$ cat final_21.cif   # mmCIF, N, CA and C atoms and all ligand atoms
data_final
#
loop_
_atom_site.label_atom_id
_atom_site.label_comp_id
_atom_site.auth_asym_id
_atom_site.auth_seq_id
_atom_site.Cartn_x
_atom_site.Cartn_y
_atom_site.Cartn_z
N MET A 1 -121.75 161.83 -256.63
CA MET A 1 -122.08 161.45 -255.25
C MET A 1 -120.84 160.93 -254.54
N THR A 2 -120.72 161.26 -253.28
CA THR A 2 -119.57 160.79 -252.50
C THR A 2 -120.02 159.68 -251.55
N ALA A 3 -119.35 158.54 -251.64
CA ALA A 3 -119.69 157.46 -250.71
C ALA A 3 -119.09 157.77 -249.35
N VAL A 4 -119.87 157.53 -248.31
CA VAL A 4 -119.36 157.75 -246.95
C VAL A 4 -118.79 156.44 -246.43
N VAL A 5 -117.51 156.45 -246.18
CA VAL A 5 -116.85 155.25 -245.67
C VAL A 5 -116.58 155.45 -244.19
N THR A 6 -117.10 154.56 -243.37
CA THR A 6 -116.86 154.68 -241.93
C THR A 6 -115.45 154.17 -241.61
N ASN A 7 -114.98 154.55 -240.43
CA ASN A 7 -113.68 154.04 -239.99
C ASN A 7 -113.72 152.52 -239.87
N PHE A 8 -114.88 152.00 -239.49
CA PHE A 8 -115.08 150.55 -239.38
C PHE A 8 -114.79 149.87 -240.73
N GLU A 9 -115.37 150.43 -241.80
CA GLU A 9 -115.15 149.86 -243.14
C GLU A 9 -113.70 150.08 -243.58
N LEU A 10 -113.20 151.27 -243.29
CA LEU A 10 -111.86 151.65 -243.71
C LEU A 10 -110.79 150.68 -243.21
N ILE A 11 -110.95 150.21 -241.98
CA ILE A 11 -109.90 149.34 -241.43
C ILE A 11 -110.11 147.85 -241.76
N GLY A 12 -111.21 147.53 -242.46
CA GLY A 12 -111.42 146.15 -242.87
C GLY A 12 -112.62 145.47 -242.23
N GLY A 13 -113.49 146.24 -241.59
CA GLY A 13 -114.74 145.70 -241.07
C GLY A 13 -114.59 144.69 -239.95
N ALA A 14 -115.60 143.83 -239.82
CA ALA A 14 -115.68 142.91 -238.69
C ALA A 14 -114.44 142.01 -238.52
N PRO A 15 -113.88 141.45 -239.60
CA PRO A 15 -112.70 140.59 -239.39
C PRO A 15 -111.53 141.35 -238.78
N ALA A 16 -111.36 142.60 -239.20
CA ALA A 16 -110.25 143.41 -238.66
C ALA A 16 -110.48 143.72 -237.19
N VAL A 17 -111.71 144.04 -236.84
CA VAL A 17 -112.02 144.36 -235.43
C VAL A 17 -111.83 143.11 -234.57
N ARG A 18 -112.29 141.97 -235.06
CA ARG A 18 -112.13 140.72 -234.29
C ARG A 18 -110.65 140.41 -234.06
N GLU A 19 -109.83 140.61 -235.09
CA GLU A 19 -108.39 140.35 -234.97
C GLU A 19 -107.76 141.32 -233.97
N ALA A 20 -108.17 142.58 -234.03
CA ALA A 20 -107.62 143.58 -233.10
C ALA A 20 -107.96 143.20 -231.67
N VAL A 21 -109.20 142.78 -231.43
CA VAL A 21 -109.63 142.45 -230.07
C VAL A 21 -108.92 141.19 -229.57
N ARG A 22 -108.75 140.21 -230.47
CA ARG A 22 -108.01 138.99 -230.09
C ARG A 22 -106.60 139.36 -229.63
N ARG A 23 -105.91 140.16 -230.44
CA ARG A 23 -104.53 140.55 -230.09
C ARG A 23 -104.48 141.40 -228.83
N PHE A 24 -105.48 142.26 -228.67
CA PHE A 24 -105.55 143.15 -227.50
C PHE A 24 -105.60 142.31 -226.21
N TYR A 25 -106.52 141.35 -226.14
CA TYR A 25 -106.61 140.55 -224.90
C TYR A 25 -105.43 139.61 -224.73
N ASP A 26 -104.83 139.14 -225.83
CA ASP A 26 -103.59 138.34 -225.70
C ASP A 26 -102.54 139.17 -224.98
N ARG A 27 -102.46 140.45 -225.33
CA ARG A 27 -101.47 141.33 -224.69
C ARG A 27 -101.83 141.58 -223.22
N LEU A 28 -103.11 141.81 -222.95
CA LEU A 28 -103.50 142.13 -221.57
C LEU A 28 -103.20 140.98 -220.63
N VAL A 29 -103.53 139.75 -221.05
CA VAL A 29 -103.31 138.62 -220.14
C VAL A 29 -101.84 138.23 -220.08
N ALA A 30 -101.03 138.72 -221.03
CA ALA A 30 -99.59 138.44 -221.00
C ALA A 30 -98.82 139.53 -220.24
N ASP A 31 -99.52 140.58 -219.83
CA ASP A 31 -98.86 141.70 -219.14
C ASP A 31 -98.97 141.45 -217.63
N PRO A 32 -97.84 141.23 -216.95
CA PRO A 32 -97.89 140.89 -215.53
C PRO A 32 -98.61 141.93 -214.67
N GLU A 33 -98.60 143.19 -215.10
CA GLU A 33 -99.29 144.22 -214.30
C GLU A 33 -100.80 144.21 -214.52
N LEU A 34 -101.25 143.52 -215.56
CA LEU A 34 -102.68 143.57 -215.89
C LEU A 34 -103.38 142.22 -215.78
N ALA A 35 -102.62 141.14 -215.91
CA ALA A 35 -103.21 139.80 -215.98
C ALA A 35 -104.17 139.54 -214.82
N GLY A 36 -103.80 139.98 -213.61
CA GLY A 36 -104.61 139.72 -212.42
C GLY A 36 -106.04 140.22 -212.54
N PHE A 37 -106.23 141.32 -213.25
CA PHE A 37 -107.59 141.86 -213.41
C PHE A 37 -108.50 140.88 -214.14
N PHE A 38 -107.89 140.05 -214.99
CA PHE A 38 -108.69 139.19 -215.88
C PHE A 38 -108.80 137.75 -215.41
N SER A 39 -108.20 137.44 -214.24
CA SER A 39 -108.28 136.05 -213.80
C SER A 39 -109.72 135.75 -213.38
N GLY A 40 -110.23 134.64 -213.85
CA GLY A 40 -111.60 134.24 -213.54
C GLY A 40 -112.65 134.95 -214.39
N VAL A 41 -112.22 135.80 -215.33
CA VAL A 41 -113.17 136.50 -216.19
C VAL A 41 -113.47 135.64 -217.42
N ASP A 42 -114.72 135.61 -217.84
CA ASP A 42 -115.12 134.89 -219.05
C ASP A 42 -114.65 135.70 -220.27
N LEU A 43 -113.47 135.33 -220.77
CA LEU A 43 -112.84 136.13 -221.83
C LEU A 43 -113.60 136.07 -223.15
N ALA A 44 -114.29 134.95 -223.41
CA ALA A 44 -115.03 134.84 -224.68
C ALA A 44 -116.15 135.91 -224.72
N THR A 45 -116.87 136.04 -223.61
CA THR A 45 -117.94 137.05 -223.55
C THR A 45 -117.35 138.45 -223.60
N LEU A 46 -116.28 138.64 -222.84
CA LEU A 46 -115.64 139.95 -222.80
C LEU A 46 -115.18 140.37 -224.21
N LYS A 47 -114.56 139.43 -224.93
CA LYS A 47 -114.09 139.74 -226.29
C LYS A 47 -115.27 140.08 -227.20
N ARG A 48 -116.36 139.32 -227.05
CA ARG A 48 -117.53 139.59 -227.89
C ARG A 48 -118.06 141.00 -227.62
N HIS A 49 -118.14 141.36 -226.35
CA HIS A 49 -118.63 142.70 -226.03
C HIS A 49 -117.67 143.77 -226.52
N GLN A 50 -116.38 143.48 -226.41
CA GLN A 50 -115.39 144.48 -226.84
C GLN A 50 -115.43 144.66 -228.36
N VAL A 51 -115.62 143.56 -229.10
CA VAL A 51 -115.77 143.65 -230.56
C VAL A 51 -116.97 144.55 -230.89
N ASP A 52 -118.09 144.32 -230.20
CA ASP A 52 -119.29 145.11 -230.47
C ASP A 52 -119.09 146.58 -230.13
N LEU A 53 -118.40 146.82 -229.00
CA LEU A 53 -118.19 148.20 -228.58
C LEU A 53 -117.25 148.93 -229.54
N LEU A 54 -116.16 148.26 -229.90
CA LEU A 54 -115.18 148.89 -230.80
C LEU A 54 -115.81 149.12 -232.18
N SER A 55 -116.62 148.18 -232.65
CA SER A 55 -117.30 148.35 -233.94
C SER A 55 -118.15 149.60 -233.92
N MET A 56 -118.86 149.79 -232.82
CA MET A 56 -119.74 150.95 -232.69
C MET A 56 -118.92 152.25 -232.66
N VAL A 57 -117.84 152.24 -231.89
CA VAL A 57 -116.98 153.43 -231.77
C VAL A 57 -116.39 153.82 -233.14
N LEU A 58 -116.19 152.81 -234.00
CA LEU A 58 -115.61 153.06 -235.32
C LEU A 58 -116.67 153.40 -236.38
N GLY A 59 -117.91 153.52 -235.94
CA GLY A 59 -118.96 153.89 -236.88
C GLY A 59 -119.58 152.69 -237.59
N GLY A 60 -119.29 151.48 -237.10
CA GLY A 60 -119.89 150.27 -237.66
C GLY A 60 -121.21 149.95 -236.98
N PRO A 61 -121.63 148.68 -237.03
CA PRO A 61 -122.92 148.30 -236.43
C PRO A 61 -122.97 148.58 -234.93
N SER A 62 -124.16 148.93 -234.45
CA SER A 62 -124.35 149.20 -233.02
C SER A 62 -125.07 148.02 -232.37
N ASN A 63 -124.29 147.01 -232.01
CA ASN A 63 -124.89 145.81 -231.42
C ASN A 63 -124.46 145.59 -229.98
N TYR A 64 -123.88 146.61 -229.34
CA TYR A 64 -123.31 146.41 -228.01
C TYR A 64 -124.40 146.07 -226.99
N THR A 65 -124.25 144.93 -226.32
CA THR A 65 -125.24 144.52 -225.31
C THR A 65 -124.60 144.32 -223.94
N GLY A 66 -123.33 144.75 -223.81
CA GLY A 66 -122.66 144.61 -222.52
C GLY A 66 -123.16 145.64 -221.52
N ARG A 67 -122.60 145.57 -220.33
CA ARG A 67 -122.98 146.52 -219.29
C ARG A 67 -122.47 147.92 -219.59
N ASP A 68 -123.05 148.85 -218.92
CA ASP A 68 -122.55 150.21 -218.90
C ASP A 68 -121.10 150.14 -218.40
N LEU A 69 -120.19 150.94 -218.97
CA LEU A 69 -118.77 150.80 -218.64
C LEU A 69 -118.47 151.04 -217.16
N GLY A 70 -119.18 151.99 -216.56
CA GLY A 70 -118.98 152.26 -215.13
C GLY A 70 -119.32 151.04 -214.29
N GLU A 71 -120.44 150.43 -214.62
CA GLU A 71 -120.92 149.26 -213.90
C GLU A 71 -119.96 148.07 -214.08
N ALA A 72 -119.47 147.88 -215.30
CA ALA A 72 -118.61 146.72 -215.60
C ALA A 72 -117.27 146.80 -214.87
N HIS A 73 -116.79 148.01 -214.57
CA HIS A 73 -115.45 148.16 -213.99
C HIS A 73 -115.44 148.59 -212.53
N ALA A 74 -116.61 148.84 -211.96
CA ALA A 74 -116.68 149.42 -210.61
C ALA A 74 -115.93 148.62 -209.56
N HIS A 75 -115.99 147.28 -209.65
CA HIS A 75 -115.39 146.42 -208.62
C HIS A 75 -113.89 146.23 -208.81
N LEU A 76 -113.31 146.81 -209.86
CA LEU A 76 -111.92 146.49 -210.20
C LEU A 76 -110.89 147.47 -209.63
N ALA A 77 -111.31 148.58 -209.06
CA ALA A 77 -110.40 149.58 -208.50
C ALA A 77 -109.27 149.94 -209.47
N ILE A 78 -109.63 150.29 -210.69
CA ILE A 78 -108.63 150.60 -211.73
C ILE A 78 -108.05 151.99 -211.50
N ASP A 79 -106.71 152.07 -211.50
CA ASP A 79 -106.07 153.39 -211.35
C ASP A 79 -105.62 153.90 -212.73
N SER A 80 -105.14 155.15 -212.75
CA SER A 80 -104.84 155.75 -214.05
C SER A 80 -103.66 155.08 -214.74
N GLN A 81 -102.78 154.48 -213.94
CA GLN A 81 -101.63 153.79 -214.54
C GLN A 81 -102.07 152.53 -215.29
N ALA A 82 -102.95 151.73 -214.66
CA ALA A 82 -103.46 150.52 -215.32
C ALA A 82 -104.26 150.93 -216.56
N TYR A 83 -105.02 152.00 -216.41
CA TYR A 83 -105.83 152.48 -217.53
C TYR A 83 -104.94 152.86 -218.72
N ALA A 84 -103.87 153.60 -218.42
CA ALA A 84 -102.96 154.03 -219.49
C ALA A 84 -102.30 152.83 -220.16
N LYS A 85 -101.98 151.81 -219.37
CA LYS A 85 -101.34 150.61 -219.94
C LYS A 85 -102.29 149.89 -220.89
N VAL A 86 -103.55 149.76 -220.46
CA VAL A 86 -104.54 149.09 -221.31
C VAL A 86 -104.75 149.89 -222.60
N GLY A 87 -104.88 151.20 -222.46
CA GLY A 87 -105.04 152.06 -223.63
C GLY A 87 -103.85 151.94 -224.57
N GLY A 88 -102.66 151.86 -223.97
CA GLY A 88 -101.42 151.73 -224.76
C GLY A 88 -101.41 150.43 -225.56
N HIS A 89 -101.89 149.35 -224.95
CA HIS A 89 -101.95 148.07 -225.67
C HIS A 89 -102.92 148.16 -226.85
N LEU A 90 -104.05 148.83 -226.63
CA LEU A 90 -105.02 148.93 -227.72
C LEU A 90 -104.44 149.73 -228.88
N VAL A 91 -103.83 150.85 -228.57
CA VAL A 91 -103.24 151.69 -229.62
C VAL A 91 -102.12 150.93 -230.35
N ALA A 92 -101.31 150.17 -229.60
CA ALA A 92 -100.21 149.41 -230.20
C ALA A 92 -100.76 148.35 -231.16
N VAL A 93 -101.85 147.70 -230.77
CA VAL A 93 -102.43 146.67 -231.64
C VAL A 93 -102.98 147.30 -232.92
N LEU A 94 -103.65 148.44 -232.77
CA LEU A 94 -104.22 149.10 -233.96
C LEU A 94 -103.09 149.51 -234.91
N ALA A 95 -102.01 150.03 -234.35
CA ALA A 95 -100.87 150.45 -235.17
C ALA A 95 -100.25 149.23 -235.87
N GLU A 96 -100.12 148.14 -235.11
CA GLU A 96 -99.56 146.90 -235.63
C GLU A 96 -100.37 146.37 -236.83
N LEU A 97 -101.69 146.61 -236.80
CA LEU A 97 -102.56 146.12 -237.88
C LEU A 97 -102.66 147.13 -239.02
N GLY A 98 -101.91 148.22 -238.94
CA GLY A 98 -101.88 149.18 -240.03
C GLY A 98 -103.06 150.14 -240.06
N VAL A 99 -103.76 150.27 -238.93
CA VAL A 99 -104.88 151.21 -238.86
C VAL A 99 -104.33 152.64 -239.00
N PRO A 100 -104.93 153.44 -239.88
CA PRO A 100 -104.40 154.79 -240.11
C PRO A 100 -104.40 155.65 -238.83
N GLU A 101 -103.42 156.52 -238.80
CA GLU A 101 -103.19 157.40 -237.64
C GLU A 101 -104.46 158.17 -237.22
N HIS A 102 -105.20 158.68 -238.19
CA HIS A 102 -106.37 159.50 -237.81
C HIS A 102 -107.48 158.65 -237.18
N VAL A 103 -107.53 157.37 -237.55
CA VAL A 103 -108.54 156.48 -236.94
C VAL A 103 -108.11 156.17 -235.51
N ILE A 104 -106.82 155.93 -235.32
CA ILE A 104 -106.30 155.67 -233.97
C ILE A 104 -106.57 156.90 -233.09
N ALA A 105 -106.38 158.08 -233.67
CA ALA A 105 -106.60 159.31 -232.90
C ALA A 105 -108.06 159.41 -232.45
N SER A 106 -108.97 158.98 -233.31
CA SER A 106 -110.38 159.08 -232.91
C SER A 106 -110.72 158.05 -231.83
N VAL A 107 -110.09 156.87 -231.90
CA VAL A 107 -110.29 155.87 -230.84
C VAL A 107 -109.73 156.40 -229.52
N THR A 108 -108.56 157.02 -229.58
CA THR A 108 -107.92 157.57 -228.38
C THR A 108 -108.82 158.64 -227.74
N GLU A 109 -109.44 159.42 -228.59
CA GLU A 109 -110.35 160.46 -228.09
C GLU A 109 -111.51 159.83 -227.31
N THR A 110 -112.03 158.73 -227.86
CA THR A 110 -113.13 158.03 -227.17
C THR A 110 -112.63 157.45 -225.85
N LEU A 111 -111.43 156.87 -225.86
CA LEU A 111 -110.88 156.30 -224.63
C LEU A 111 -110.77 157.38 -223.55
N THR A 112 -110.30 158.55 -223.95
CA THR A 112 -110.17 159.64 -222.99
C THR A 112 -111.54 160.04 -222.45
N SER A 113 -112.53 160.05 -223.32
CA SER A 113 -113.85 160.50 -222.87
C SER A 113 -114.52 159.51 -221.92
N VAL A 114 -114.19 158.21 -222.01
CA VAL A 114 -114.83 157.24 -221.10
C VAL A 114 -114.01 156.98 -219.84
N SER A 115 -112.79 157.52 -219.78
CA SER A 115 -111.92 157.18 -218.64
C SER A 115 -112.53 157.50 -217.27
N PRO A 116 -113.29 158.60 -217.10
CA PRO A 116 -113.85 158.86 -215.77
C PRO A 116 -114.80 157.75 -215.29
N GLN A 117 -115.38 157.00 -216.23
CA GLN A 117 -116.28 155.91 -215.83
C GLN A 117 -115.50 154.68 -215.35
N ILE A 118 -114.24 154.57 -215.81
CA ILE A 118 -113.47 153.34 -215.58
C ILE A 118 -112.43 153.49 -214.48
N VAL A 119 -111.80 154.67 -214.41
CA VAL A 119 -110.76 154.90 -213.40
C VAL A 119 -111.43 155.36 -212.11
N THR A 120 -111.39 154.47 -211.09
CA THR A 120 -112.09 154.79 -209.85
C THR A 120 -111.16 154.78 -208.64
N HIS A 121 -109.87 154.60 -208.91
CA HIS A 121 -108.96 154.39 -207.79
C HIS A 121 -107.84 155.43 -207.78
C1 LIG B 201 -109.71 151.61 -222.02
C2 LIG B 201 -111.02 151.62 -221.91
C3 LIG B 201 -111.82 150.37 -221.64
C4 LIG B 201 -112.89 149.96 -222.33
C5 LIG B 201 -113.52 150.63 -223.55
C6 LIG B 201 -113.34 148.72 -221.72
C7 LIG B 201 -114.41 147.98 -222.15
C8 LIG B 201 -114.92 146.89 -221.50
C9 LIG B 201 -116.10 146.17 -221.89
C10 LIG B 201 -116.94 146.48 -223.11
C11 LIG B 201 -116.30 145.20 -220.98
C12 LIG B 201 -117.41 144.15 -221.00
C13 LIG B 201 -118.60 144.58 -220.19
C14 LIG B 201 -119.60 143.45 -220.13
O1 LIG B 201 -119.28 142.32 -220.53
O2 LIG B 201 -120.73 143.69 -219.69
C15 LIG B 201 -115.22 145.28 -220.02
C16 LIG B 201 -115.06 144.44 -218.96
C17 LIG B 201 -113.88 144.33 -218.24
N1 LIG B 201 -112.83 145.20 -218.28
FE1 LIG B 201 -112.69 146.82 -219.44
N2 LIG B 201 -112.52 148.43 -220.67
C18 LIG B 201 -111.57 149.40 -220.58
C19 LIG B 201 -110.56 149.48 -219.65
C20 LIG B 201 -110.23 148.48 -218.76
C21 LIG B 201 -109.09 148.49 -217.89
C22 LIG B 201 -108.10 149.65 -217.79
C23 LIG B 201 -109.10 147.31 -217.21
C24 LIG B 201 -108.14 146.77 -216.18
C25 LIG B 201 -107.00 147.30 -215.87
C26 LIG B 201 -110.27 146.58 -217.63
C27 LIG B 201 -110.66 145.35 -217.16
C28 LIG B 201 -111.86 144.75 -217.42
C29 LIG B 201 -112.31 143.51 -216.79
C30 LIG B 201 -111.52 142.67 -215.78
C31 LIG B 201 -113.58 143.25 -217.29
C32 LIG B 201 -114.49 142.07 -216.94
C33 LIG B 201 -115.28 142.43 -215.71
C34 LIG B 201 -116.19 141.28 -215.31
O3 LIG B 201 -116.79 140.62 -216.18
O4 LIG B 201 -116.33 141.08 -214.10
N3 LIG B 201 -110.94 147.32 -218.58
N4 LIG B 201 -114.41 146.31 -220.35
#
$ encode --input "final_21.cif" --output "structure tokens" --more "lines below"
Ligand code: HEM
Amino acid sequence: MTAVVTNFELIGGAPAVREAVRRFYDRLVADPELAGFFSGVDLATLKRHQVDLLSMVLGGPSNYTGRDLGEAHAHLAIDSQAYAKVGGHLVAVLAELGVPEHVIASVTETLTSVSPQIVTH
């Protein structure tokens, strides 16, 4: 019998996802081109939702209770440049944590597929 290992398990499960999300938002709020988007945002809730979303995308538990992505970003007027920068930070954090290339590629694929919901400007 072959055990099926999800990407979520492969990268170290919930602790690894939590660490990735922590580092991801540290980078976003430290980036002068992006910090403004997050001023006044409840980062604790945002991080919790992002952990749940990323866990689901990686084949882990499906506990996401945040808003639909289009709804969550509609008021932010995000352009493709800001989107690419945010995506770049996520990929950089995953690489920094030693996440295998093929797992990063699958996350990138998901990012590309949701971009029309987020980029409105
Ligand atoms: C790359 C793909 C992205 C994904 C998967 C994503 C995911 C999420 C999630 C799950 C939430 C929480 C929704 C909720 O709490 O109901 C959220 C909120 C938010 N995102 Fe994104 N996001 C992405 C791109 C971006 C970009 C490019 C920006 C800004 C340049 C951004 C800025 C924000 C802000 C400011 C919020 C909080 C909005 C609020 O609570 O008013 N996101 N995002």
$ closest_atom_pairs --input "final_21.cif" --of "chain A" --to "ligand LIG 201 (chain B)" --cutoff "6 Å" --atoms "only N, CA and C atoms and all ligand atoms" --output "Markdown table"
| residue | atom | partner | partner_atom | distance |
| --- | --- | --- | --- | --- |
| A:Leu34 | CA | B:LIG201 | C25 | 5.7 |
| A:Phe37 | C | B:LIG201 | C30 | 3.9 |
| A:Phe38 | CA | B:LIG201 | C30 | 4.5 |
| A:Val41 | CA | B:LIG201 | O3 | 5.5 |
| A:Asp42 | N | B:LIG201 | O3 | 5.7 |
| A:Thr45 | C | B:LIG201 | O1 | 5.3 |
| A:Leu46 | CA | B:LIG201 | C12 | 4.9 |
| A:His49 | C | B:LIG201 | C10 | 4.4 |
| A:Gln50 | N | B:LIG201 | C10 | 4.5 |
| A:Leu53 | CA | B:LIG201 | C10 | 5.9 |
| A:Thr65 | C | B:LIG201 | O2 | 5.8 |
| A:Gly66 | CA | B:LIG201 | O2 | 3.5 |
| A:Arg67 | N | B:LIG201 | O2 | 2.7 |
| A:Asp68 | N | B:LIG201 | O2 | 5.7 |
| A:Ala72 | C | B:LIG201 | C33 | 4.9 |
| A:His73 | CA | B:LIG201 | N1 | 5.8 |
| A:Ile78 | CA | B:LIG201 | C25 | 5.5 |
| A:Ala82 | C | B:LIG201 | C22 | 4.2 |
| A:Tyr83 | CA | B:LIG201 | C22 | 3.6 |
| A:Ala84 | N | B:LIG201 | C22 | 5.8 |
| A:Val86 | CA | B:LIG201 | C22 | 5.0 |
| A:Gly87 | N | B:LIG201 | C1 | 4.9 |
| A:Leu111 | CA | B:LIG201 | C2 | 5.4 |
$ atom_distance --input "final_21.cif" --atom1 "atom CA of A:Leu90" --atom2 "atom C of A:Glu33"
14.6 Å
$ closest_residue --input "final_21.cif" --among "A:Thr6, A:Ala20, A:His89, A:Val57" --to "A:Ser106" --atoms "all atoms listed in the file"
A:Val57
$ residues_around --input "final_21.cif" --residues "A:Thr108" --least-positions-apart "6" --cutoff "8 Å" --atoms "only N, CA and C atoms" --output "PyMOL selection string"
chain A and resi 87+91+102+114
$ write_last_selection --input "final_21.cif" --atoms "N, CA and C atoms" --output "mmCIF file, keeping the file's coordinate frame"
data_model
loop_
_atom_site.group_PDB
_atom_site.id
_atom_site.type_symbol
_atom_site.label_atom_id
_atom_site.label_comp_id
_atom_site.auth_asym_id
_atom_site.auth_seq_id
_atom_site.Cartn_x
_atom_site.Cartn_y
_atom_site.Cartn_z
ATOM 1 N N GLY A 87 -104.880 151.200 -222.460
ATOM 2 C CA GLY A 87 -105.040 152.060 -223.630
ATOM 3 C C GLY A 87 -103.850 151.940 -224.570
ATOM 4 N N VAL A 91 -103.830 150.850 -228.570
ATOM 5 C CA VAL A 91 -103.240 151.690 -229.620
ATOM 6 C C VAL A 91 -102.120 150.930 -230.350
ATOM 7 N N HIS A 102 -105.200 158.680 -238.190
ATOM 8 C CA HIS A 102 -106.370 159.500 -237.810
ATOM 9 C C HIS A 102 -107.480 158.650 -237.180
ATOM 10 N N VAL A 114 -114.190 158.210 -222.010
ATOM 11 C CA VAL A 114 -114.830 157.240 -221.100
ATOM 12 C C VAL A 114 -114.010 156.980 -219.840
#
$ closest_residue --input "final_21.cif" --among "A:Val29, A:Asn63, A:Gly36, A:Val51" --to "A:Val17" --atoms "only N, CA and C atoms"
A:Val51
$ residues_near_point --input "final_21.cif" --point "(-109.0, 157.1, -217.9)" --cutoff "6 Å" --atoms "only C-alpha atoms" --output "number ranges by chain"
A: 80, 83, 112, 115-116, 119
$ closest_residue --input "final_21.cif" --among "A:Ala35, A:Ala14, A:Arg27, A:Asp52" --to "A:Gly88" --atoms "only C-alpha atoms"
A:Arg27
$ atom_distance --input "final_21.cif" --atom1 "atom C of A:Phe8" --atom2 "atom N of A:Ala74"
28.8 Å
$ closest_residue --input "final_21.cif" --among "A:Leu10, A:Ile118, A:Leu69, A:Ala30" --to "A:Gln81" --atoms "only C-alpha atoms"
A:Ile118
$ residues_around --input "final_21.cif" --residues "A:Gly98" --least-positions-apart "4" --cutoff "9 Å" --atoms "only C-alpha atoms" --output "JSON, numbers by chain"
{"A": [11, 93, 94]}
$ write_last_selection --input "final_21.cif" --atoms "N, CA and C atoms" --output "PDB file, in the coordinates of the input"
ATOM      1  N   ILE A  11    -110.950 150.210-241.980  1.00  0.00           N
ATOM      2  CA  ILE A  11    -109.900 149.340-241.430  1.00  0.00           C
ATOM      3  C   ILE A  11    -110.110 147.850-241.760  1.00  0.00           C
ATOM      4  N   VAL A  93    -101.850 147.700-230.770  1.00  0.00           N
ATOM      5  CA  VAL A  93    -102.430 146.670-231.640  1.00  0.00           C
ATOM      6  C   VAL A  93    -102.980 147.300-232.920  1.00  0.00           C
ATOM      7  N   LEU A  94    -103.650 148.440-232.770  1.00  0.00           N
ATOM      8  CA  LEU A  94    -104.220 149.100-233.960  1.00  0.00           C
ATOM      9  C   LEU A  94    -103.090 149.510-234.910  1.00  0.00           C
TER      10      LEU A  94
END
$ select_by_dssp --input "final_21.cif" --residues "stretch 37-109 of chain A" --states "alpha helix (DSSP H)" --output "VMD selection string"
chain A and resid 43 to 57 69 to 73 80 to 96 101 to 109
$ atom_distance --input "final_21.cif" --atom1 "atom C of A:Ala77" --atom2 "atom N of A:Ser39"
13.4 Å
$ closest_residue --input "final_21.cif" --among "A:Thr2, A:His121, A:Arg23, A:Pro15" --to "A:Asp79" --atoms "only C-alpha atoms"
A:His121
$ closest_residue --input "final_21.cif" --among "A:Ala92, A:Asn7, A:Ala44, A:Glu71" --to "A:Phe24" --atoms "only N, CA and C atoms"
A:Ala92
$ decode --input "final_21.cif" --residues "stretch 25-29 of chain A" --atoms "all heavy atoms" --output "PDB file, in the first residue's frame"
ATOM      1  N   TYR A  25       3.619  37.936   6.480  1.00  0.00           N
ATOM      2  CA  TYR A  25       3.083  39.259   6.857  1.00  0.00           C
ATOM      3  C   TYR A  25       4.156  40.173   7.427  1.00  0.00           C
ATOM      4  O   TYR A  25       4.064  41.392   7.255  1.00  0.00           O
ATOM      5  CB  TYR A  25       1.865  39.120   7.776  1.00  0.00           C
ATOM      6  CG  TYR A  25       0.663  38.685   6.974  1.00  0.00           C
ATOM      7  CD1 TYR A  25       0.193  37.390   7.043  1.00  0.00           C
ATOM      8  CD2 TYR A  25       0.066  39.568   6.072  1.00  0.00           C
ATOM      9  CE1 TYR A  25      -0.868  36.971   6.251  1.00  0.00           C
ATOM     10  CE2 TYR A  25      -0.987  39.160   5.274  1.00  0.00           C
ATOM     11  CZ  TYR A  25      -1.448  37.873   5.365  1.00  0.00           C
ATOM     12  OH  TYR A  25      -2.486  37.469   4.563  1.00  0.00           O
ATOM     13  N   ASP A  26       5.188  39.617   8.072  1.00  0.00           N
ATOM     14  CA  ASP A  26       6.316  40.460   8.516  1.00  0.00           C
ATOM     15  C   ASP A  26       6.912  41.159   7.298  1.00  0.00           C
ATOM     16  O   ASP A  26       7.259  42.339   7.342  1.00  0.00           O
ATOM     17  CB  ASP A  26       7.409  39.617   9.197  1.00  0.00           C
ATOM     18  CG  ASP A  26       7.022  39.226  10.619  1.00  0.00           C
ATOM     19  OD1 ASP A  26       5.991  39.726  11.110  1.00  0.00           O
ATOM     20  OD2 ASP A  26       7.747  38.404  11.220  1.00  0.00           O
ATOM     21  N   ARG A  27       7.034  40.417   6.200  1.00  0.00           N
ATOM     22  CA  ARG A  27       7.600  41.008   4.978  1.00  0.00           C
ATOM     23  C   ARG A  27       6.656  42.044   4.369  1.00  0.00           C
ATOM     24  O   ARG A  27       7.100  43.083   3.896  1.00  0.00           O
ATOM     25  CB  ARG A  27       7.838  39.920   3.918  1.00  0.00           C
ATOM     26  CG  ARG A  27       9.103  39.127   4.121  1.00  0.00           C
ATOM     27  CD  ARG A  27       9.077  37.967   3.158  1.00  0.00           C
ATOM     28  NE  ARG A  27      10.343  37.270   3.122  1.00  0.00           N
ATOM     29  CZ  ARG A  27      11.270  37.438   2.174  1.00  0.00           C
ATOM     30  NH1 ARG A  27      11.065  38.268   1.164  1.00  0.00           N
ATOM     31  NH2 ARG A  27      12.395  36.767   2.210  1.00  0.00           N
ATOM     32  N   LEU A  28       5.361  41.730   4.352  1.00  0.00           N
ATOM     33  CA  LEU A  28       4.416  42.658   3.714  1.00  0.00           C
ATOM     34  C   LEU A  28       4.381  43.997   4.434  1.00  0.00           C
ATOM     35  O   LEU A  28       4.417  45.049   3.799  1.00  0.00           O
ATOM     36  CB  LEU A  28       3.004  42.051   3.661  1.00  0.00           C
ATOM     37  CG  LEU A  28       2.851  40.756   2.841  1.00  0.00           C
ATOM     38  CD1 LEU A  28       1.376  40.392   2.704  1.00  0.00           C
ATOM     39  CD2 LEU A  28       3.494  40.867   1.464  1.00  0.00           C
ATOM     40  N   VAL A  29       4.352  43.963   5.779  1.00  0.00           N
ATOM     41  CA  VAL A  29       4.260  45.236   6.498  1.00  0.00           C
ATOM     42  C   VAL A  29       5.601  45.961   6.530  1.00  0.00           C
ATOM     43  O   VAL A  29       5.652  47.151   6.837  1.00  0.00           O
ATOM     44  CB  VAL A  29       3.671  45.083   7.930  1.00  0.00           C
ATOM     45  CG1 VAL A  29       2.265  44.516   7.868  1.00  0.00           C
ATOM     46  CG2 VAL A  29       4.557  44.244   8.831  1.00  0.00           C
TER      47      VAL A  29
END
